[in-house]
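Okay, entry23.txt is below, compact mmCIF, C-alpha atoms:
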```txt
# COMPACT_ATOMS: atom_id res chain seq x y z
CA MET A 1 183.84 -58.00 67.94
CA ILE A 2 182.23 -55.51 70.30
CA GLU A 3 182.41 -58.03 73.11
CA THR A 4 186.16 -58.31 72.55
CA ILE A 5 186.60 -54.55 72.66
CA PHE A 6 184.51 -54.40 75.82
CA ALA A 7 186.62 -57.12 77.43
CA ILE A 8 189.90 -55.35 76.61
CA THR A 9 188.53 -52.03 77.87
CA ALA A 10 187.27 -53.65 81.07
CA VAL A 11 190.68 -55.20 81.71
CA ILE A 12 192.33 -51.80 81.15
CA THR A 13 189.88 -50.19 83.57
CA LEU A 14 190.52 -52.78 86.26
CA ILE A 15 194.33 -52.57 85.86
CA CYS A 16 194.19 -48.77 86.10
CA ALA A 17 191.90 -48.93 89.15
CA LEU A 18 194.24 -51.37 90.89
CA ILE A 19 197.29 -49.20 90.17
CA THR A 20 195.36 -46.10 91.29
CA VAL A 21 194.44 -47.69 94.58
CA SER A 22 197.88 -49.16 95.29
CA SER A 23 200.17 -46.39 93.99
CA HIS A 24 202.50 -44.50 96.31
CA ASN A 25 202.60 -41.28 94.31
CA VAL A 26 199.36 -39.28 94.29
CA VAL A 27 200.00 -37.71 90.89
CA HIS A 28 200.69 -41.10 89.30
CA ALA A 29 197.49 -42.45 90.84
CA LEU A 30 195.50 -39.50 89.47
CA LEU A 31 196.92 -39.87 85.97
CA PHE A 32 196.10 -43.59 85.96
CA MET A 33 192.64 -42.60 87.10
CA VAL A 34 192.29 -40.33 84.06
CA ILE A 35 192.98 -43.36 81.85
CA MET A 36 190.38 -45.28 83.87
CA MET A 37 187.81 -42.53 83.24
CA LEU A 38 188.56 -42.58 79.50
CA ALA A 39 188.12 -46.36 79.44
CA ILE A 40 184.79 -46.08 81.24
CA ALA A 41 183.73 -43.43 78.71
CA LEU A 42 184.53 -45.91 75.94
CA ILE A 43 182.35 -48.50 77.66
CA PHE A 44 179.51 -45.96 77.85
CA PHE A 45 179.93 -45.39 74.13
CA LEU A 46 179.80 -49.14 73.48
CA LEU A 47 176.63 -49.32 75.55
CA GLY A 48 174.97 -46.79 73.25
CA ALA A 49 175.09 -43.82 75.61
CA PRO A 50 177.26 -41.25 73.78
CA PHE A 51 175.97 -38.36 75.90
CA ALA A 52 177.06 -40.07 79.09
CA ALA A 53 180.43 -40.85 77.49
CA ALA A 54 180.97 -37.18 76.60
CA LEU A 55 179.95 -36.09 80.11
CA GLN A 56 182.30 -38.65 81.64
CA ILE A 57 185.23 -37.19 79.72
CA ILE A 58 184.28 -33.54 80.23
CA VAL A 59 183.26 -33.61 83.88
CA TYR A 60 185.25 -36.51 85.39
CA ALA A 61 188.45 -36.60 83.35
CA GLY A 62 188.31 -32.83 82.86
CA ALA A 63 186.92 -31.01 85.85
CA ILE A 64 187.09 -33.36 88.84
CA MET A 65 190.55 -34.72 88.02
CA VAL A 66 191.91 -31.20 87.53
CA LEU A 67 190.51 -30.28 90.96
CA PHE A 68 192.29 -33.28 92.51
CA ILE A 69 195.57 -32.51 90.76
CA PHE A 70 195.30 -28.83 91.73
CA VAL A 71 194.92 -29.66 95.42
CA THR A 72 197.72 -32.21 95.26
CA MET A 73 200.06 -29.68 93.67
CA MET A 74 198.98 -27.04 96.21
CA LEU A 75 199.88 -29.29 99.14
CA HIS A 76 203.32 -30.14 97.77
CA GLN A 77 206.27 -28.42 99.37
CA GLY A 78 208.15 -26.33 96.82
CA GLU A 79 211.84 -27.22 97.10
CA ARG A 80 211.23 -30.86 97.86
CA SER A 81 209.01 -31.39 94.84
CA ILE A 82 211.50 -29.70 92.50
CA GLU A 83 214.22 -32.02 93.83
CA GLY A 84 211.95 -35.00 93.40
CA GLU A 85 210.85 -33.99 89.93
CA LYS A 86 213.96 -35.53 88.37
CA THR A 87 213.10 -38.93 89.75
CA LEU A 88 209.35 -38.55 89.22
CA PHE A 89 209.39 -38.89 85.46
CA THR A 90 211.38 -41.72 83.91
CA LEU A 91 210.75 -43.35 80.57
CA SER A 92 210.53 -46.83 82.07
CA GLY A 93 207.92 -45.59 84.53
CA ALA A 94 205.90 -44.02 81.73
CA LEU A 95 205.86 -47.23 79.68
CA LEU A 96 202.77 -48.81 81.25
CA PRO A 97 200.53 -45.72 81.03
CA VAL A 98 201.57 -45.21 77.41
CA LEU A 99 200.78 -48.85 76.66
CA LEU A 100 197.35 -48.68 78.29
CA ALA A 101 196.38 -45.40 76.63
CA LEU A 102 197.67 -46.67 73.30
CA THR A 103 195.51 -49.79 73.58
CA LEU A 104 192.43 -47.61 74.11
CA PHE A 105 193.36 -45.51 71.09
CA VAL A 106 193.90 -48.56 68.87
CA GLU A 107 190.54 -49.95 70.00
CA VAL A 108 188.73 -46.83 68.84
CA LEU A 109 190.68 -46.91 65.57
CA VAL A 110 189.72 -50.54 65.00
CA LEU A 111 186.12 -49.74 65.85
CA LEU A 112 186.05 -46.92 63.32
CA ASN A 113 187.96 -48.55 60.48
CA THR A 114 187.21 -52.27 60.39
CA GLY A 115 185.39 -53.54 57.33
CA ASP A 116 182.70 -51.28 55.92
CA GLY A 117 182.01 -49.58 59.23
CA SER A 118 179.58 -52.29 60.30
CA ASN A 119 180.91 -52.26 63.89
CA LEU A 120 180.35 -48.55 64.15
CA ASN A 121 176.87 -48.97 62.69
CA GLN A 122 176.11 -51.57 65.35
CA VAL A 123 177.07 -49.12 68.10
CA VAL A 124 175.27 -46.24 66.46
CA ALA A 125 172.17 -48.37 66.01
CA LEU A 126 172.06 -48.78 69.76
CA ALA A 127 171.91 -45.02 70.15
CA ASN A 128 169.54 -44.39 67.28
CA ARG A 129 166.72 -43.39 69.59
CA ASP A 130 168.48 -40.05 69.95
CA THR A 131 169.15 -40.43 73.65
CA THR A 132 170.47 -36.89 74.08
CA LYS A 133 167.14 -35.38 73.03
CA GLU A 134 165.36 -37.89 75.23
CA ILE A 135 167.47 -36.88 78.25
CA GLY A 136 166.77 -33.21 77.62
CA LEU A 137 163.04 -33.84 77.42
CA LEU A 138 163.13 -35.89 80.61
CA LEU A 139 165.17 -33.25 82.46
CA PHE A 140 162.76 -30.47 81.56
CA GLY A 141 159.69 -32.68 81.96
CA PRO A 142 159.13 -35.18 84.77
CA TYR A 143 162.54 -34.61 86.39
CA HIS A 144 162.61 -30.80 86.64
CA GLN A 145 162.43 -30.84 90.44
CA LEU A 146 165.48 -33.10 90.46
CA VAL A 147 167.40 -30.50 88.46
CA ALA A 148 166.50 -27.82 91.00
CA LEU A 149 167.59 -30.13 93.82
CA ALA A 150 170.94 -30.76 92.10
CA ALA A 151 171.44 -27.01 91.72
CA LEU A 152 170.71 -26.48 95.42
CA MET A 153 173.13 -29.28 96.31
CA LEU A 154 175.90 -27.72 94.21
CA LEU A 155 175.27 -24.30 95.75
CA SER A 156 175.42 -25.65 99.29
CA ALA A 157 178.59 -27.57 98.42
CA LEU A 158 180.14 -24.36 97.10
CA ILE A 159 179.28 -22.41 100.26
CA GLY A 160 180.38 -25.28 102.48
CA ALA A 161 183.71 -25.73 100.69
CA ILE A 162 184.51 -22.02 100.92
CA HIS A 163 183.57 -21.95 104.60
CA ILE A 164 185.64 -25.03 105.43
CA ALA A 165 188.75 -24.08 103.46
CA ILE A 166 188.99 -20.48 104.66
CA PRO A 167 191.96 -20.07 107.10
CA ALA A 168 190.99 -19.76 110.75
CA ASN A 169 192.82 -16.46 111.32
CA SER A 170 191.41 -14.73 108.25
CA LYS A 171 187.88 -15.48 109.40
CA THR A 172 188.03 -12.80 112.06
CA GLU A 173 189.85 -10.33 109.83
CA GLY A 174 187.15 -10.39 107.22
CA GLN A 175 184.43 -9.38 109.63
CA PRO A 176 183.85 -5.65 110.15
CA MET B 177 172.28 -54.76 74.00
CA ILE B 178 175.27 -56.48 72.47
CA ILE B 179 177.41 -56.85 75.58
CA PRO B 180 176.13 -59.60 77.92
CA LEU B 181 174.57 -58.23 81.10
CA GLY B 182 176.50 -60.65 83.30
CA TRP B 183 179.81 -59.23 82.10
CA LEU B 184 178.68 -55.72 82.89
CA VAL B 185 177.47 -56.59 86.37
CA SER B 186 180.60 -58.53 87.27
CA PHE B 187 182.81 -55.76 85.87
CA SER B 188 180.96 -53.15 87.90
CA LEU B 189 181.21 -55.35 90.97
CA ALA B 190 184.96 -55.79 90.50
CA LEU B 191 185.44 -52.04 90.15
CA PHE B 192 183.34 -51.44 93.28
CA ALA B 193 185.38 -54.03 95.20
CA ILE B 194 188.61 -52.28 94.21
CA GLY B 195 187.13 -49.03 95.50
CA VAL B 196 186.12 -50.64 98.80
CA PHE B 197 189.63 -52.07 99.16
CA GLY B 198 191.06 -48.61 98.63
CA VAL B 199 188.83 -47.00 101.22
CA VAL B 200 189.65 -49.66 103.80
CA ALA B 201 193.36 -50.15 103.12
CA ARG B 202 194.70 -46.67 102.42
CA ARG B 203 195.37 -44.11 105.13
CA ASN B 204 196.05 -41.07 102.95
CA LEU B 205 192.92 -38.90 102.78
CA ILE B 206 193.36 -38.11 99.08
CA PHE B 207 193.61 -41.82 98.22
CA ILE B 208 190.43 -42.51 100.19
CA MET B 209 188.61 -39.87 98.14
CA ILE B 210 189.98 -41.33 94.90
CA SER B 211 188.68 -44.75 95.94
CA ILE B 212 185.25 -43.25 96.62
CA GLU B 213 185.33 -41.84 93.09
CA ILE B 214 186.08 -45.33 91.74
CA MET B 215 183.10 -46.75 93.65
CA LEU B 216 180.83 -43.98 92.32
CA ASN B 217 181.99 -44.77 88.80
CA ALA B 218 181.20 -48.45 89.23
CA VAL B 219 177.64 -47.65 90.28
CA ALA B 220 177.21 -45.06 87.51
CA LEU B 221 178.28 -47.64 84.96
CA LEU B 222 175.60 -50.00 86.22
CA PHE B 223 172.98 -47.25 85.87
CA VAL B 224 174.00 -46.47 82.29
CA ALA B 225 173.93 -50.19 81.47
CA GLY B 226 170.42 -50.36 82.90
CA SER B 227 169.30 -47.38 80.83
CA THR B 228 170.32 -49.14 77.63
CA LEU B 229 168.62 -52.34 78.75
CA HIS B 230 165.25 -50.71 79.39
CA PRO B 231 163.32 -48.39 77.11
CA GLY B 232 163.68 -44.76 78.14
CA SER B 233 166.77 -42.97 79.38
CA ASP B 234 166.04 -42.74 83.10
CA GLY B 235 169.31 -44.43 83.99
CA GLN B 236 171.27 -41.67 82.32
CA ILE B 237 169.32 -39.06 84.32
CA ILE B 238 170.50 -40.83 87.46
CA TYR B 239 173.99 -40.81 85.97
CA LEU B 240 173.75 -37.02 85.63
CA LEU B 241 172.73 -36.77 89.28
CA ILE B 242 175.62 -39.00 90.35
CA LEU B 243 177.92 -36.70 88.39
CA ALA B 244 176.59 -33.59 90.17
CA MET B 245 176.82 -35.36 93.51
CA ALA B 246 180.43 -36.41 92.80
CA ALA B 247 181.33 -32.81 91.96
CA ALA B 248 179.81 -31.52 95.21
CA GLU B 249 181.44 -34.30 97.23
CA VAL B 250 184.87 -33.64 95.71
CA ALA B 251 184.61 -29.90 96.43
CA ILE B 252 183.77 -30.41 100.11
CA GLY B 253 186.20 -33.32 100.52
CA LEU B 254 189.12 -31.39 99.08
CA ALA B 255 188.30 -28.43 101.31
CA LEU B 256 188.53 -30.84 104.25
CA VAL B 257 191.85 -32.16 102.88
CA ILE B 258 193.24 -28.61 102.76
CA THR B 259 192.04 -27.90 106.31
CA MET B 260 193.55 -31.13 107.62
CA PHE B 261 196.88 -30.46 105.91
CA ARG B 262 196.99 -26.96 107.39
CA ARG B 263 196.43 -28.22 110.89
CA TRP B 264 198.55 -31.40 110.95
CA GLN B 265 200.91 -30.98 107.97
CA SER B 266 199.98 -34.55 107.04
CA LEU B 267 197.11 -36.43 105.43
CA ASP B 268 197.31 -39.54 107.62
CA VAL B 269 193.75 -40.36 108.66
CA ASP B 270 194.95 -42.09 111.82
CA LEU B 271 195.90 -38.67 113.22
CA LEU B 272 192.21 -37.89 113.38
CA SER B 273 191.73 -40.50 116.10
CA LYS B 274 193.60 -38.14 118.43
CA MET B 275 190.74 -35.66 118.25
CA ARG B 276 189.43 -34.37 121.53
CA GLY B 277 185.93 -35.20 122.66
```
Target format structure tokens, applied to this file:
Amino acid sequence: MIETIFAITAVITLICALITVSSHNVVHALLFMVIMMLAIALIFFLLGAPFAAALQIIVYAGAIMVLFIFVTMMLHQGERSIEGEKTLFTLSGALLPVLLALTLFVEVLVLLNTGDGSNLNQVVALANRDTTKEIGLLLFGPYHQLVALAALMLLSALIGAIHIAIPANSKTEGQP
Amino acid sequence: MIIPLGWLVSFSLALFAIGVFGVVARRNLIFIMISIEIMLNAVALLFVAGSTLHPGSDGQIIYLLILAMAAAEVAIGLALVITMFRRWQSLDVDLLSKMRG
């Protein structure tokens, strides 16, 4: 049962990845990529890593994808994108994403509701070592230097991104 | 571990191959970054699979680090995308071969 759900989810992930890579429209590619992230989160859940699944949805499908979409929207030219908006969304074009997302949804429903919940118990039994607590203990124990390194990396990325993206002419204006 | 390991490894490999194809075949800078994200996800999935295979959750710690690294990489990469669009009004990577020096 769980193998079947994994196989369907893997196929969905691969289809979404292929469409993402070969799409002509950046926004379509990004939205297919959101479905891909959700499918990967489901696979993490099936593997017994619910914390990783939650992080995948929150950070990847939430934060990183929004950053991508924000930049894409920022680079669009105003009038042209309003003209193109009428052709961008058609019901026939939305059919495949709806189908893929619906399959994911039905999978979770089946997982939750089949029989006496034995499938869910199987998945939960994988995670019964309380992995979230284990990760917290590891992060504050043997891996605490790694956390500091990650913080430094994020800080340097922040400074670097601001420095790179600042317009060339405003760089001189800002200096006293 | 209910899911066979071979399935997981081949799935991760397929996802990574799709990412490599994207990096090599596309010329739009945003699509190249998206493909890099796909490759990172493939590797992260392999790490999480390994953490459920072995006792201990070290694989998920590495997954956390990959997540932080992806966030940093996306921030810098998108800043570069904005800079490139300002200068050339296009995201075609082939324009970059006309750089001086």
Quick one: of A:Ala7, A:Leu67, A:Ala52, A:Ala61, who's nearest to Tyr239 in chain B, counting all atoms listed in the file?
->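 Closest to Tyr239 in chain B, using all atoms listed in the file: A:Ala52.
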Listing only residues of chain B within 9 Å of chain A, what is the closest atom pair and its distance in Å (to one decimal) for each, using all atoms listed in the file, sorted by chain and residue number ascending, as CSV?
```
residue,atom,partner,partner_atom,distance
B:Met177,CA,A:Leu47,CA,7.1
B:Ile178,CA,A:Glu3,CA,7.3
B:Ile179,CA,A:Glu3,CA,5.7
B:Pro180,CA,A:Glu3,CA,8.1
B:Trp183,CA,A:Ala7,CA,8.5
B:Phe187,CA,A:Ala10,CA,6.9
B:Ala190,CA,A:Leu14,CA,7.6
B:Leu191,CA,A:Leu14,CA,6.4
B:Ile194,CA,A:Leu18,CA,6.6
B:Gly195,CA,A:Val21,CA,7.5
B:Phe197,CA,A:Val21,CA,8.0
B:Gly198,CA,A:Val21,CA,5.4
B:Val199,CA,A:Val21,CA,8.7
B:Ala201,CA,A:Val21,CA,9.0
B:Arg202,CA,A:Val21,CA,7.9
B:Ile206,CA,A:Val26,CA,7.8
B:Phe207,CA,A:Val21,CA,7.0
B:Ile208,CA,A:Val21,CA,8.6
B:Ile210,CA,A:Val21,CA,7.8
B:Ser211,CA,A:Val21,CA,6.6
B:Ile214,CA,A:Ala17,CA,7.3
B:Asn217,CA,A:Ile40,CA,8.2
B:Leu221,CA,A:Phe44,CA,7.4
B:Val224,CA,A:Phe44,CA,7.1
B:Ala225,CA,A:Leu47,CA,6.6
B:Ser227,CA,A:Ala49,CA,8.6
B:Thr228,CA,A:Leu47,CA,6.6
B:Gly232,CA,A:Glu134,CA,7.6
B:Ser233,CA,A:Ile135,CA,6.2
B:Asp234,CA,A:Ile135,CA,7.7
B:Gln236,CA,A:Ala52,CA,6.8
B:Ile237,CA,A:Ile135,CA,6.7
B:Tyr239,CA,A:Ala52,CA,7.6
B:Leu240,CA,A:Ala52,CA,7.9
B:Leu241,CA,A:Ala150,CA,6.9
B:Leu243,CA,A:Val59,CA,7.6
B:Ala244,CA,A:Ala150,CA,6.6
B:Met245,CA,A:Ala150,CA,7.6
B:Ala246,CA,A:Ile64,CA,8.3
B:Ala247,CA,A:Ile64,CA,6.6
B:Ala248,CA,A:Ala157,CA,5.2
B:Glu249,CA,A:Ala157,CA,7.4
B:Val250,CA,A:Ile64,CA,7.2
B:Ala251,CA,A:Ala161,CA,6.0
B:Ile252,CA,A:Ala161,CA,4.7
B:Gly253,CA,A:Ala161,CA,8.0
B:Leu254,CA,A:Val71,CA,7.1
B:Ala255,CA,A:Ala165,CA,4.9
B:Leu256,CA,A:Ile164,CA,6.6
B:Val257,CA,A:Val71,CA,8.4
B:Ile258,CA,A:Ala165,CA,6.4
B:Thr259,CA,A:Ala165,CA,5.8
B:Phe261,CA,A:Leu75,CA,7.5
B:Arg262,CA,A:Pro167,CA,8.5
```
Grab the CA of Leu205 in chain B to CA of Ala193 in chain B distance for me, in Å with one decimal place.
->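 Atom-to-atom, CA of Leu205 in chain B and CA of Ala193 in chain B are spaced 18.5 Å apart.
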Could you check how far CA of Val27 in chain A sits from CA of Met73 in chain A, in Å to one decimal?
->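 Interatomic distance here is 8.5 Å.
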Interatomic distance, CA of Ile212 in chain B to CA of Val196 in chain B (Å, one decimal) | 7.8 Å
For Leu272 in chain B, which residue among B:Ala218, B:Asn204, B:Leu184, B:Leu189 is the nearest when counting only C-alpha atoms?
->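 Between B:Ala218, B:Asn204, B:Leu184, B:Leu189, the residue approaching Leu272 in chain B most closely is B:Asn204.
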Should you be able to, write range 247-265 of chain B of this structure into a file that contains N, CA, C and O atoms, as a tab-separated table (two decimals), in the first residue's frame.
```
chain	number	residue	atom	x	y	z
B	247	ALA	N	18.64	28.47	0.77
B	247	ALA	CA	18.11	29.82	0.99
B	247	ALA	C	19.17	30.86	0.68
B	247	ALA	O	18.89	31.85	-0.03
B	248	ALA	N	20.40	30.65	1.16
B	248	ALA	CA	21.47	31.61	0.89
B	248	ALA	C	21.76	31.69	-0.60
B	248	ALA	O	21.90	32.79	-1.17
B	249	GLU	N	21.79	30.52	-1.26
B	249	GLU	CA	22.11	30.48	-2.69
B	249	GLU	C	21.03	31.20	-3.50
B	249	GLU	O	21.34	31.95	-4.44
B	250	VAL	N	19.77	31.00	-3.12
B	250	VAL	CA	18.68	31.65	-3.86
B	250	VAL	C	18.75	33.16	-3.69
B	250	VAL	O	18.56	33.91	-4.65
B	251	ALA	N	19.07	33.62	-2.46
B	251	ALA	CA	19.14	35.07	-2.24
B	251	ALA	C	20.21	35.69	-3.13
B	251	ALA	O	19.95	36.67	-3.84
B	252	ILE	N	21.42	35.11	-3.13
B	252	ILE	CA	22.50	35.69	-3.93
B	252	ILE	C	22.21	35.54	-5.42
B	252	ILE	O	22.41	36.47	-6.22
B	253	GLY	N	21.70	34.36	-5.82
B	253	GLY	CA	21.41	34.13	-7.23
B	253	GLY	C	20.38	35.09	-7.77
B	253	GLY	O	20.52	35.63	-8.86
B	254	LEU	N	19.32	35.34	-6.99
B	254	LEU	CA	18.29	36.26	-7.48
B	254	LEU	C	18.79	37.69	-7.51
B	254	LEU	O	18.39	38.47	-8.39
B	255	ALA	N	19.69	38.05	-6.59
B	255	ALA	CA	20.32	39.37	-6.68
B	255	ALA	C	21.11	39.50	-7.98
B	255	ALA	O	21.05	40.53	-8.67
B	256	LEU	N	21.81	38.41	-8.35
B	256	LEU	CA	22.54	38.43	-9.62
B	256	LEU	C	21.58	38.52	-10.80
B	256	LEU	O	21.86	39.21	-11.80
B	257	VAL	N	20.43	37.82	-10.71
B	257	VAL	CA	19.43	37.89	-11.78
B	257	VAL	C	18.96	39.33	-11.97
B	257	VAL	O	18.88	39.84	-13.10
B	258	ILE	N	18.67	40.01	-10.84
B	258	ILE	CA	18.20	41.40	-10.92
B	258	ILE	C	19.27	42.28	-11.55
B	258	ILE	O	19.00	43.10	-12.44
B	259	THR	N	20.53	42.10	-11.12
B	259	THR	CA	21.62	42.91	-11.69
B	259	THR	C	21.75	42.67	-13.18
B	259	THR	O	21.89	43.62	-13.97
B	260	MET	N	21.67	41.40	-13.60
B	260	MET	CA	21.83	41.10	-15.02
B	260	MET	C	20.68	41.69	-15.82
B	260	MET	O	20.89	42.24	-16.90
B	261	PHE	N	19.46	41.61	-15.28
B	261	PHE	CA	18.32	42.16	-16.01
B	261	PHE	C	18.43	43.67	-16.15
B	261	PHE	O	18.06	44.24	-17.17
B	262	ARG	N	18.97	44.33	-15.09
B	262	ARG	CA	19.13	45.78	-15.17
B	262	ARG	C	20.11	46.16	-16.27
B	262	ARG	O	19.92	47.13	-16.99
B	263	ARG	N	21.18	45.36	-16.40
B	263	ARG	CA	22.22	45.78	-17.32
B	263	ARG	C	21.90	45.41	-18.76
B	263	ARG	O	22.17	46.16	-19.69
B	264	TRP	N	21.32	44.21	-18.99
B	264	TRP	CA	21.10	43.75	-20.36
B	264	TRP	C	19.63	43.71	-20.76
B	264	TRP	O	19.33	43.38	-21.91
B	265	GLN	N	18.70	43.94	-19.84
B	265	GLN	CA	17.27	43.82	-20.12
B	265	GLN	C	16.93	42.44	-20.67
B	265	GLN	O	15.99	42.29	-21.45
```
